Structure formats: structure tokens, C-alpha cells
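Student: Before we start, here is the structure in question, set down as C-alpha cells.
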Amino acid sequence: MHGIFYNLAVQQVQVSKGSKLPRNPAFLAYYERKQEEGKTKGQAIVCIMRRLVNIIYGMMKNKAPYIAPPLAEQVA
């Protein structure tokens with residue numbers, strides 16, 4: 001199970017090669033925030049893994065689909 005969630009977490013923070021767009025902007029922002037807090041890359045991935053587990057558990061418990069959180073517009 002650990003390997004499955006690790007692979008899912010890594011995929012969430014990947015950036016597409018051609019378009020340079022993140023696969024999941026919410027998780028990429030969370031990953032970058034954790035790194036700014038002083039966590040290593042590995043620790044930030046573990047934080048994403050934990051968040052994924054919590055999301056999946058909540059979906060199963062409530063029998064509800066995942067609704068991505070809206071991203072706040074960043075000021076240039």
C-alpha cells in the first residue's frame with residue numbers, strides 16, 4: 001500500500017513536459033508550501049500521501065465524489 005500512495009503522491013506534483021502545467025495545481029501548491037516550511041522533498045511527499053489517504057477515506061466513508069478545492073487567484 002505504501003508504494004501505491006507514494007506513486008499517487010509523486011504523480012500529483014508532476015508538471016507536464018510540453019505545457020509546463022501541473023497535473024494537480026492544488027497538490028503542487030501544498031507540496032511547495034511544505035517545502036517552504038522547511039520539510040525535505042521526501043517529507044513533503046509523505047504529507048501528500050497522508051492527505052490522499054484522508055481524502056480517500058472521507059470519500060469512502062461519506063460515499064461522495066472528490067471535489068477539487070478552488071485555487072485562490074495569485075496576484076502578479
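The way I read the labels, and the way they are meant: chains A, B, ... in the order of the C-alpha cells, residue 1 as the first residue of every chain, and ligand 1 as the first ligand shown, with later ones counted on from there.
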For A:Phe5, please output as a PDB file with N, CA and C atoms, in the first residue's frame all residues within 8 Å (counting only C-alpha atoms; exclusion window: fewer than 5 positions along the same chain).
Tutor:
ATOM      1  N   MET A  49       0.959  12.082   0.704  1.00  0.00           N
ATOM      2  CA  MET A  49       0.429  10.728   0.863  1.00  0.00           C
ATOM      3  C   MET A  49      -0.630  10.691   1.964  1.00  0.00           C
ATOM      4  N   LEU A  52      -3.796  12.304   0.751  1.00  0.00           N
ATOM      5  CA  LEU A  52      -4.514  11.418  -0.163  1.00  0.00           C
ATOM      6  C   LEU A  52      -5.279  10.338   0.601  1.00  0.00           C
ATOM      7  N   VAL A  53      -4.641   9.773   1.621  1.00  0.00           N
ATOM      8  CA  VAL A  53      -5.312   8.754   2.438  1.00  0.00           C
ATOM      9  C   VAL A  53      -6.552   9.356   3.094  1.00  0.00           C
TER      10      VAL A  53
END
Student: Any idea what's packed within 6 Å of stretch 24-32 of chain A, counting only C-alpha atoms, ignoring anything in its chain fewer than 4 positions away? Could you give it as a list in words?
Tutor: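 Residues meeting the cut-off are Gln12, Val13 and Ala44 of chain A.
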Student: Could you tell me how far atom CA of A:Gln35 lies from atom CA of A:Pro22, in Å and to one decimal?
Tutor: 16.6 Å
Student: Which residues are close to A:His2, i.e. within 10 Å by only C-alpha atoms, leaving aside same-chain residues fewer than 4 positions away? Reply as number ranges by chain.
Tutor: A: 6-8, 46, 49
Student: When DSSP works through the backbone of this structure, what residues of chain A end up as helix (DSSP H, G or I), shown as JSON, numbers by chain?
Tutor: {"A": [2, 3, 4, 5, 6, 7, 8, 9, 10, 11, 12, 13, 25, 26, 27, 28, 29, 30, 31, 32, 33, 34, 35, 36, 41, 42, 43, 44, 45, 46, 47, 48, 49, 50, 51, 52, 53, 54, 55, 56, 57, 58, 59, 60, 61, 62]}
Student: May I ask for the distance between atom CA of A:Val10 and atom CA of A:Lys41, given in Å to one decimal place?
Tutor: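 About the pair atom CA of A:Val10 and atom CA of A:Lys41: they are 10.4 Å apart.
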Student: What is the distance, in Å and to one decimal place, between atom CA of A:Cys47 and atom CA of A:Arg33?
Tutor: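 Between atom CA of A:Cys47 and atom CA of A:Arg33 the gap works out to 10.9 Å.
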Student: I'd like to know which of A:Gln43, A:Asn54, A:Ile48, A:Gln14 is closest to A:Tyr66, using only C-alpha atoms.
Tutor: A:Asn54
Student: Hey, what's within 12 Å of A:Ile55 if we count only C-alpha atoms and toss same-chain stuff fewer than 3 positions away? As a PyMOL selection string, please?
Tutor: chain A and resi 5+48-52+58-69
Student: Could the residues in this selection be written to a file with all heavy atoms, as a short mmCIF file (atom, residue, chain, number, x, y, z; two decimals), in the first residue's frame?
Tutor:
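Listed below is the output, out_0.cif:
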data_model
loop_
_atom_site.label_atom_id
_atom_site.label_comp_id
_atom_site.auth_asym_id
_atom_site.auth_seq_id
_atom_site.Cartn_x
_atom_site.Cartn_y
_atom_site.Cartn_z
N PHE A 5 0.48 4.64 -2.68
CA PHE A 5 0.26 6.03 -2.30
C PHE A 5 1.46 6.90 -2.62
O PHE A 5 1.31 8.08 -2.95
CB PHE A 5 -0.13 6.14 -0.82
CG PHE A 5 -1.57 5.78 -0.58
CD1 PHE A 5 -1.90 4.55 -0.05
CD2 PHE A 5 -2.58 6.63 -0.93
CE1 PHE A 5 -3.22 4.20 0.15
CE2 PHE A 5 -3.90 6.31 -0.76
CZ PHE A 5 -4.22 5.08 -0.21
N ILE A 48 1.76 14.65 1.38
CA ILE A 48 0.77 14.48 0.32
C ILE A 48 0.14 13.09 0.40
O ILE A 48 -1.06 12.94 0.23
CB ILE A 48 1.41 14.70 -1.06
CG1 ILE A 48 1.76 16.18 -1.21
CG2 ILE A 48 0.48 14.27 -2.19
CD1 ILE A 48 2.53 16.52 -2.43
N MET A 49 0.96 12.08 0.70
CA MET A 49 0.43 10.73 0.86
C MET A 49 -0.63 10.69 1.96
O MET A 49 -1.70 10.10 1.79
CB MET A 49 1.56 9.75 1.20
CG MET A 49 2.50 9.48 0.06
SD MET A 49 4.03 8.63 0.53
CE MET A 49 3.42 7.16 1.28
N ARG A 50 -0.34 11.34 3.07
CA ARG A 50 -1.29 11.36 4.19
C ARG A 50 -2.58 12.08 3.79
O ARG A 50 -3.69 11.63 4.10
CB ARG A 50 -0.66 12.05 5.40
CG ARG A 50 -1.54 12.03 6.63
CD ARG A 50 -0.83 12.56 7.85
NE ARG A 50 0.30 11.74 8.20
CZ ARG A 50 1.58 12.15 8.20
NH1 ARG A 50 1.87 13.39 7.88
NH2 ARG A 50 2.56 11.35 8.53
N ARG A 51 -2.44 13.17 3.05
CA ARG A 51 -3.62 13.90 2.59
C ARG A 51 -4.46 13.05 1.63
O ARG A 51 -5.68 13.05 1.71
CB ARG A 51 -3.22 15.20 1.93
CG ARG A 51 -4.41 16.00 1.44
CD ARG A 51 -4.03 17.38 1.10
NE ARG A 51 -4.07 18.20 2.31
CZ ARG A 51 -4.16 19.51 2.30
NH1 ARG A 51 -4.20 20.16 1.18
NH2 ARG A 51 -4.19 20.19 3.43
N LEU A 52 -3.80 12.30 0.75
CA LEU A 52 -4.51 11.42 -0.16
C LEU A 52 -5.28 10.34 0.60
O LEU A 52 -6.42 10.03 0.27
CB LEU A 52 -3.54 10.77 -1.15
CG LEU A 52 -3.03 11.65 -2.27
CD1 LEU A 52 -1.89 10.96 -3.02
CD2 LEU A 52 -4.14 12.01 -3.22
N GLY A 58 -12.38 9.72 3.45
CA GLY A 58 -13.59 10.55 3.52
C GLY A 58 -14.55 10.24 2.39
O GLY A 58 -15.78 10.21 2.59
N MET A 59 -14.02 9.98 1.19
CA MET A 59 -14.88 9.63 0.07
C MET A 59 -15.60 8.31 0.32
O MET A 59 -16.79 8.18 0.04
CB MET A 59 -14.05 9.53 -1.22
CG MET A 59 -13.56 10.85 -1.74
SD MET A 59 -12.33 10.72 -3.06
CE MET A 59 -13.16 9.68 -4.22
N MET A 60 -14.87 7.34 0.85
CA MET A 60 -15.47 6.04 1.11
C MET A 60 -16.48 6.10 2.26
O MET A 60 -17.55 5.51 2.19
CB MET A 60 -14.38 5.01 1.41
CG MET A 60 -13.52 4.69 0.20
SD MET A 60 -12.08 3.68 0.57
CE MET A 60 -12.84 2.20 1.19
N LYS A 61 -16.13 6.84 3.29
CA LYS A 61 -17.00 6.94 4.47
C LYS A 61 -18.31 7.64 4.13
O LYS A 61 -19.39 7.20 4.54
CB LYS A 61 -16.28 7.71 5.58
CG LYS A 61 -17.07 7.88 6.84
CD LYS A 61 -16.28 8.65 7.87
CE LYS A 61 -17.12 8.93 9.09
NZ LYS A 61 -16.41 9.80 10.03
N ASN A 62 -18.23 8.72 3.36
CA ASN A 62 -19.42 9.52 3.04
C ASN A 62 -20.06 9.14 1.72
O ASN A 62 -21.08 9.74 1.34
CB ASN A 62 -19.04 11.00 3.03
CG ASN A 62 -18.54 11.45 4.37
OD1 ASN A 62 -19.09 11.10 5.40
ND2 ASN A 62 -17.46 12.21 4.38
N LYS A 63 -19.44 8.20 1.00
CA LYS A 63 -19.94 7.79 -0.32
C LYS A 63 -20.16 9.01 -1.22
O LYS A 63 -21.23 9.21 -1.80
CB LYS A 63 -21.22 6.98 -0.19
CG LYS A 63 -21.03 5.66 0.52
CD LYS A 63 -22.31 4.88 0.60
CE LYS A 63 -22.07 3.50 1.15
NZ LYS A 63 -22.03 3.37 2.54
N ALA A 64 -19.14 9.86 -1.26
CA ALA A 64 -19.23 11.11 -2.01
C ALA A 64 -18.06 11.20 -3.00
O ALA A 64 -16.98 10.66 -2.74
CB ALA A 64 -19.17 12.29 -1.04
N PRO A 65 -18.25 11.88 -4.12
CA PRO A 65 -17.15 12.06 -5.07
C PRO A 65 -16.18 13.12 -4.56
O PRO A 65 -16.51 13.94 -3.70
CB PRO A 65 -17.86 12.54 -6.33
CG PRO A 65 -19.08 13.21 -5.84
CD PRO A 65 -19.50 12.45 -4.61
N TYR A 66 -14.99 13.10 -5.12
CA TYR A 66 -13.98 14.10 -4.78
C TYR A 66 -14.27 15.38 -5.55
O TYR A 66 -14.46 15.36 -6.77
CB TYR A 66 -12.58 13.60 -5.11
CG TYR A 66 -11.51 14.63 -4.89
CD1 TYR A 66 -11.17 15.03 -3.60
CD2 TYR A 66 -10.84 15.21 -5.94
CE1 TYR A 66 -10.19 15.98 -3.39
CE2 TYR A 66 -9.87 16.16 -5.75
CZ TYR A 66 -9.55 16.54 -4.46
OH TYR A 66 -8.58 17.48 -4.25
N ILE A 67 -14.31 16.48 -4.86
CA ILE A 67 -14.48 17.78 -5.48
C ILE A 67 -13.23 18.59 -5.16
O ILE A 67 -12.95 18.87 -4.00
CB ILE A 67 -15.75 18.50 -4.95
CG1 ILE A 67 -16.98 17.66 -5.27
CG2 ILE A 67 -15.86 19.88 -5.55
CD1 ILE A 67 -18.24 18.14 -4.61
N ALA A 68 -12.48 18.92 -6.20
CA ALA A 68 -11.22 19.64 -6.01
C ALA A 68 -11.50 21.02 -5.43
O ALA A 68 -12.44 21.71 -5.83
CB ALA A 68 -10.50 19.78 -7.33
N PRO A 69 -10.66 21.44 -4.48
CA PRO A 69 -10.84 22.78 -3.90
C PRO A 69 -10.48 23.85 -4.91
O PRO A 69 -9.56 23.67 -5.71
CB PRO A 69 -9.86 22.79 -2.71
CG PRO A 69 -8.82 21.80 -3.09
CD PRO A 69 -9.52 20.75 -3.90
#
